[in-house]
There are 4 protein chains.
Amino acid sequence: MNIAVIGGHACSKEVAKIAEAIGGEIAGLGATLICGGLTGVMEAACKGAKSAQGKTIGILPGHDKREANPYVDIPIVTGLGYMRNNLVVKNADIVVAIDGKEGTLSEIAFALQMKKPIVGIDTWKIPGVKQVGSVQEAVAWIKESMP
Amino acid sequence: MNIAVIGGHACSKEVAKIAEAIGGEIAGLGATLICGGLTGVMEAACKGAKSAQGKTIGILPGHDKREANPYVDIPIVTGLGYMRNNLVVKNADIVVAIDGKEGTLSEIAFALQMKKPIVGIDTWKIPGVKQVGSVQEAVAWIKESMP
Amino acid sequence: MNIAVIGGHACSKEVAKIAEAIGGEIAGLGATLICGGLTGVMEAACKGAKSAQGKTIGILPGHDKREANPYVDIPIVTGLGYMRNNLVVKNADIVVAIDGKEGTLSEIAFALQMKKPIVGIDTWKIPGVKQVGSVQEAVAWIKESMP
Amino acid sequence: MNIAVIGGHACSKEVAKIAEAIGGEIAGLGATLICGGLTGVMEAACKGAKSAQGKTIGILPGHDKREANPYVDIPIVTGLGYMRNNLVVKNADIVVAIDGKEGTLSEIAFALQMKKPIVGIDTWKIPGVKQVGSVQEAVAWIKESMP
């Protein structure tokens with residue numbers, strides 16, 4: 001099972017802490033973490049997953065796998081730019097949105113369009129996104145949503 | 001100049017009326033209308049543009065140009081599915097969002113990401129989208145935003 | 001009807017002359033010329049089409065429509081890089097290959113895969129591509145292949 | 001390091017045997033096998049890699065990861081159709097072409113365009129593709145070409 005973590009390539013320390021904790025929990029559930037492979041929320045989530053012996057996939061916008069953050073096990077280059085946001089979500093069974101700007105909003109939109117379960121922490125308030133206030137709540141919801 | 005009209009492939013008669021009026025105004029401004037090429041808001045906008053002797057481009061998700069609505073002059077097939085939403089916005093100088101669901105939300109997100117001027121009528125309330133209440137207001141705003 | 005002209009972004013004067021003549025003939029047939037929108041064979045073919053009052057579409061690899069050659073009426077930006085080669089062929093009813101390198105070879109491959117009629121002048125000798133020795137022969141073959 | 005195996009989704013038993021042997025050798029070199037994830041040459045190569053405890057990635061054309069052959073460890077869905085051929089090659093450090101039709105030809109073209117080392121067995125005779133007559137020769141050449 002793949003769980004996507006979506007969020008901005010820049011984020012505060014508090015948000016990074018949440019993303020790292022979520023990454024660890026995803027690994028703990030035995031799921032593979034998939035993300036956009038870059039910095040910020042993506043890097044923090046990958047770091048958390050690797051600390052918990054998880055597996056991470058990064059779907060990169062560019063052509064060079066060295067753009068991936070150091071915690072990505074399997075970088076996939078696409079050259080698709082922000083269109084790759086669609087692929088991040090398409091490859092996920094469940095989506096976790098943390099913070100984020102317009103890129104994250106496009107991923108939320110695609111997740112809703114593809115009818116993927118999606119939970120959000122401190123992110124866009126869009127109908128269809130389950131809003132939670134803590135990592136624990138998010139994990140509880142992920143467990144309920146697992147196929 | 002290209003002006004994109006984004007919105008759902010299904011819509012009410014009221015929304016269709018607004019979209020048709022916007023399409024006519026876009027043609028009146030001498031701009032080319034670009035859209036996703038399908039039914040609903042897209043078709044109504046194209047119809048309005050053609051009634052006013054305008055030009056219309058439809059960026060289609062599938063492989064068959066016969067999927068285009070009858071008011072599309074230049075159908076472009078992509079086979080990209082909803083990733084083509086990115087191309088609709090990428091080819092626009094200004095974006096008009098009317099009504100719409102998740103697909104439209106993804107286009108709004110991409111428009112904001114690409115820093116395109118975007119105006120909305122009866123659509124998602126997303127910061128950065130100029131919300132207006134009438135076709136006239138939308139047209140006034142488009143005129144101000146024209147490069 | 002769209003007829004694609006595919007070929008390199010750099011070419012000799014002789015090849016450019018052939019491409020320009022083909023572009024003029026495509027316009028004369030009442031078809032729209034579609035191509036990758038850049039220089040070389042693409043530009044020469046567009047120039048020929050415009051000299052004969054034809055219509056031209058350029059499917060560009062990048063994000064900036066100003067990359068299109070001056071004879072493109074309708075530039076479509078994609079940000080897909082060389083993946084846009086697939087879209088050039090996908091939007092054509094018939095394909096004309098002139099000269100060209102690896103990019104052209106990928107377009108020939110896609111044309112064969114999509115079972116589009118394809119004629120070649122001074123280009124890759126690939127089974128399934130009708131090889132001809134002159135513009136006249138190419139035009140005769142295009143006429144036969146028109147749906 | 002990723003090594004791509006490209007070839008048709010249908011192939012003879014002889015070709016499958018070669019692909020399986022190549023897959024095993026790629027695993028033996030410690031590289032990850034990347035391919036289009038489907039049947040034929042792709043499946044045989046993945047099978048060989050898994051028999052030798054290797055790792056396999058399949059870049060799929062559709063939206064459903066269950067389309068992957070049973071020897072794919074990491075399926076990546078794209079919804080890009082044959083445009084995904086570009087991604088298979090883009091993610092490879094070295095490319096091995098075995099047999100194959102037009103799809104394989106497009107991948108050869110992209111590999112040459114991206115200046116990736118490419119070796120061929122019983123495949124398209126395109127300048128720039130190192131042609132070899134046996135698995136051993138292919139492996140010797142891969143070893144020389146490894147970065």
# chains A, B, ... in the order shown; residues from 1 in each chain; ligands from 1
$ interface_residues --of "chain D" --to "chain B" --cutoff "8 Å" --atoms "only C-alpha atoms" --output "ChimeraX atom specification"
/D:79-81
$ residues_around --residues "region 113-119 of chain C" --least-positions-apart "3" --cutoff "7 Å" --atoms "only C-alpha atoms" --output "PDB file with N, CA, C and O atoms, in the first residue's frame"
ATOM      1  N   ASP C  93      -3.790  13.671 -38.908  1.00  0.00           N
ATOM      2  CA  ASP C  93      -4.462  12.617 -39.661  1.00  0.00           C
ATOM      3  C   ASP C  93      -3.462  11.911 -40.578  1.00  0.00           C
ATOM      4  O   ASP C  93      -3.606  10.730 -40.878  1.00  0.00           O
ATOM      5  N   ILE C  94      -2.481  12.646 -41.011  1.00  0.00           N
ATOM      6  CA  ILE C  94      -1.430  12.134 -41.891  1.00  0.00           C
ATOM      7  C   ILE C  94      -0.127  12.772 -41.435  1.00  0.00           C
ATOM      8  O   ILE C  94      -0.129  13.905 -40.959  1.00  0.00           O
ATOM      9  N   VAL C  95       0.983  12.028 -41.582  1.00  0.00           N
ATOM     10  CA  VAL C  95       2.272  12.534 -41.114  1.00  0.00           C
ATOM     11  C   VAL C  95       3.272  12.550 -42.278  1.00  0.00           C
ATOM     12  O   VAL C  95       3.347  11.586 -43.042  1.00  0.00           O
ATOM     13  N   VAL C  96       4.017  13.644 -42.383  1.00  0.00           N
ATOM     14  CA  VAL C  96       5.090  13.761 -43.376  1.00  0.00           C
ATOM     15  C   VAL C  96       6.396  13.944 -42.619  1.00  0.00           C
ATOM     16  O   VAL C  96       6.559  14.929 -41.898  1.00  0.00           O
ATOM     17  N   ALA C  97       7.314  12.977 -42.794  1.00  0.00           N
ATOM     18  CA  ALA C  97       8.625  13.067 -42.145  1.00  0.00           C
ATOM     19  C   ALA C  97       9.648  13.551 -43.163  1.00  0.00           C
ATOM     20  O   ALA C  97       9.737  13.002 -44.270  1.00  0.00           O
ATOM     21  N   ALA C 109       7.978   6.565 -34.828  1.00  0.00           N
ATOM     22  CA  ALA C 109       7.560   5.394 -34.041  1.00  0.00           C
ATOM     23  C   ALA C 109       6.140   5.570 -33.517  1.00  0.00           C
ATOM     24  O   ALA C 109       5.312   4.657 -33.604  1.00  0.00           O
ATOM     25  N   PHE C 110       5.847   6.744 -32.989  1.00  0.00           N
ATOM     26  CA  PHE C 110       4.493   6.991 -32.471  1.00  0.00           C
ATOM     27  C   PHE C 110       3.464   6.948 -33.607  1.00  0.00           C
ATOM     28  O   PHE C 110       2.358   6.434 -33.429  1.00  0.00           O
ATOM     29  N   VAL C 129       6.889   3.273 -43.206  1.00  0.00           N
ATOM     30  CA  VAL C 129       6.961   4.654 -43.710  1.00  0.00           C
ATOM     31  C   VAL C 129       7.078   4.586 -45.228  1.00  0.00           C
ATOM     32  O   VAL C 129       8.003   3.967 -45.763  1.00  0.00           O
ATOM     33  N   LYS C 130       6.139   5.196 -45.933  1.00  0.00           N
ATOM     34  CA  LYS C 130       6.188   5.252 -47.402  1.00  0.00           C
ATOM     35  C   LYS C 130       7.305   6.213 -47.810  1.00  0.00           C
ATOM     36  O   LYS C 130       7.247   7.402 -47.503  1.00  0.00           O
ATOM     37  N   GLN C 131       8.345   5.683 -48.445  1.00  0.00           N
ATOM     38  CA  GLN C 131       9.477   6.534 -48.828  1.00  0.00           C
ATOM     39  C   GLN C 131       9.238   7.094 -50.229  1.00  0.00           C
ATOM     40  O   GLN C 131       8.936   6.332 -51.150  1.00  0.00           O
ATOM     41  N   ALA C 138       5.211  12.909 -52.737  1.00  0.00           N
ATOM     42  CA  ALA C 138       4.640  12.964 -51.375  1.00  0.00           C
ATOM     43  C   ALA C 138       3.200  13.468 -51.429  1.00  0.00           C
ATOM     44  O   ALA C 138       2.300  12.901 -50.785  1.00  0.00           O
ATOM     45  N   SER C 145      -4.094   9.140 -49.405  1.00  0.00           N
ATOM     46  CA  SER C 145      -4.263   8.706 -48.013  1.00  0.00           C
ATOM     47  C   SER C 145      -5.290   9.536 -47.258  1.00  0.00           C
ATOM     48  O   SER C 145      -5.628   9.207 -46.115  1.00  0.00           O
TER      49      SER C 145
ATOM     50  N   GLU D 102       7.052  -0.914 -32.606  1.00  0.00           N
ATOM     51  CA  GLU D 102       7.098   0.559 -32.671  1.00  0.00           C
ATOM     52  C   GLU D 102       7.300   1.184 -31.292  1.00  0.00           C
ATOM     53  O   GLU D 102       7.982   2.205 -31.162  1.00  0.00           O
ATOM     54  N   GLY D 103       6.696   0.599 -30.275  1.00  0.00           N
ATOM     55  CA  GLY D 103       6.868   1.147 -28.926  1.00  0.00           C
ATOM     56  C   GLY D 103       8.334   1.130 -28.527  1.00  0.00           C
ATOM     57  O   GLY D 103       8.865   2.114 -27.994  1.00  0.00           O
TER      58      GLY D 103
END
$ select_by_dssp --residues "region 2-109 of chain A" --states "strand (DSSP E)" --output "PyMOL selection string"
chain A and resi 2-6+32-35+55-60+74-77+94-98
$ residues_around --residues "region 18-28 of chain C" --least-positions-apart "6" --cutoff "9 Å" --atoms "only C-alpha atoms" --output "number ranges by chain"
C: 2-3, 5, 7, 40-56, 96, 98, 121, 134-136, 138-139, 142
$ select_by_dssp --residues "chain A" --states "alpha helix (DSSP H)" --output "PyMOL selection string"
chain A and resi 13-28+41-51+84-90+102-113+135-145
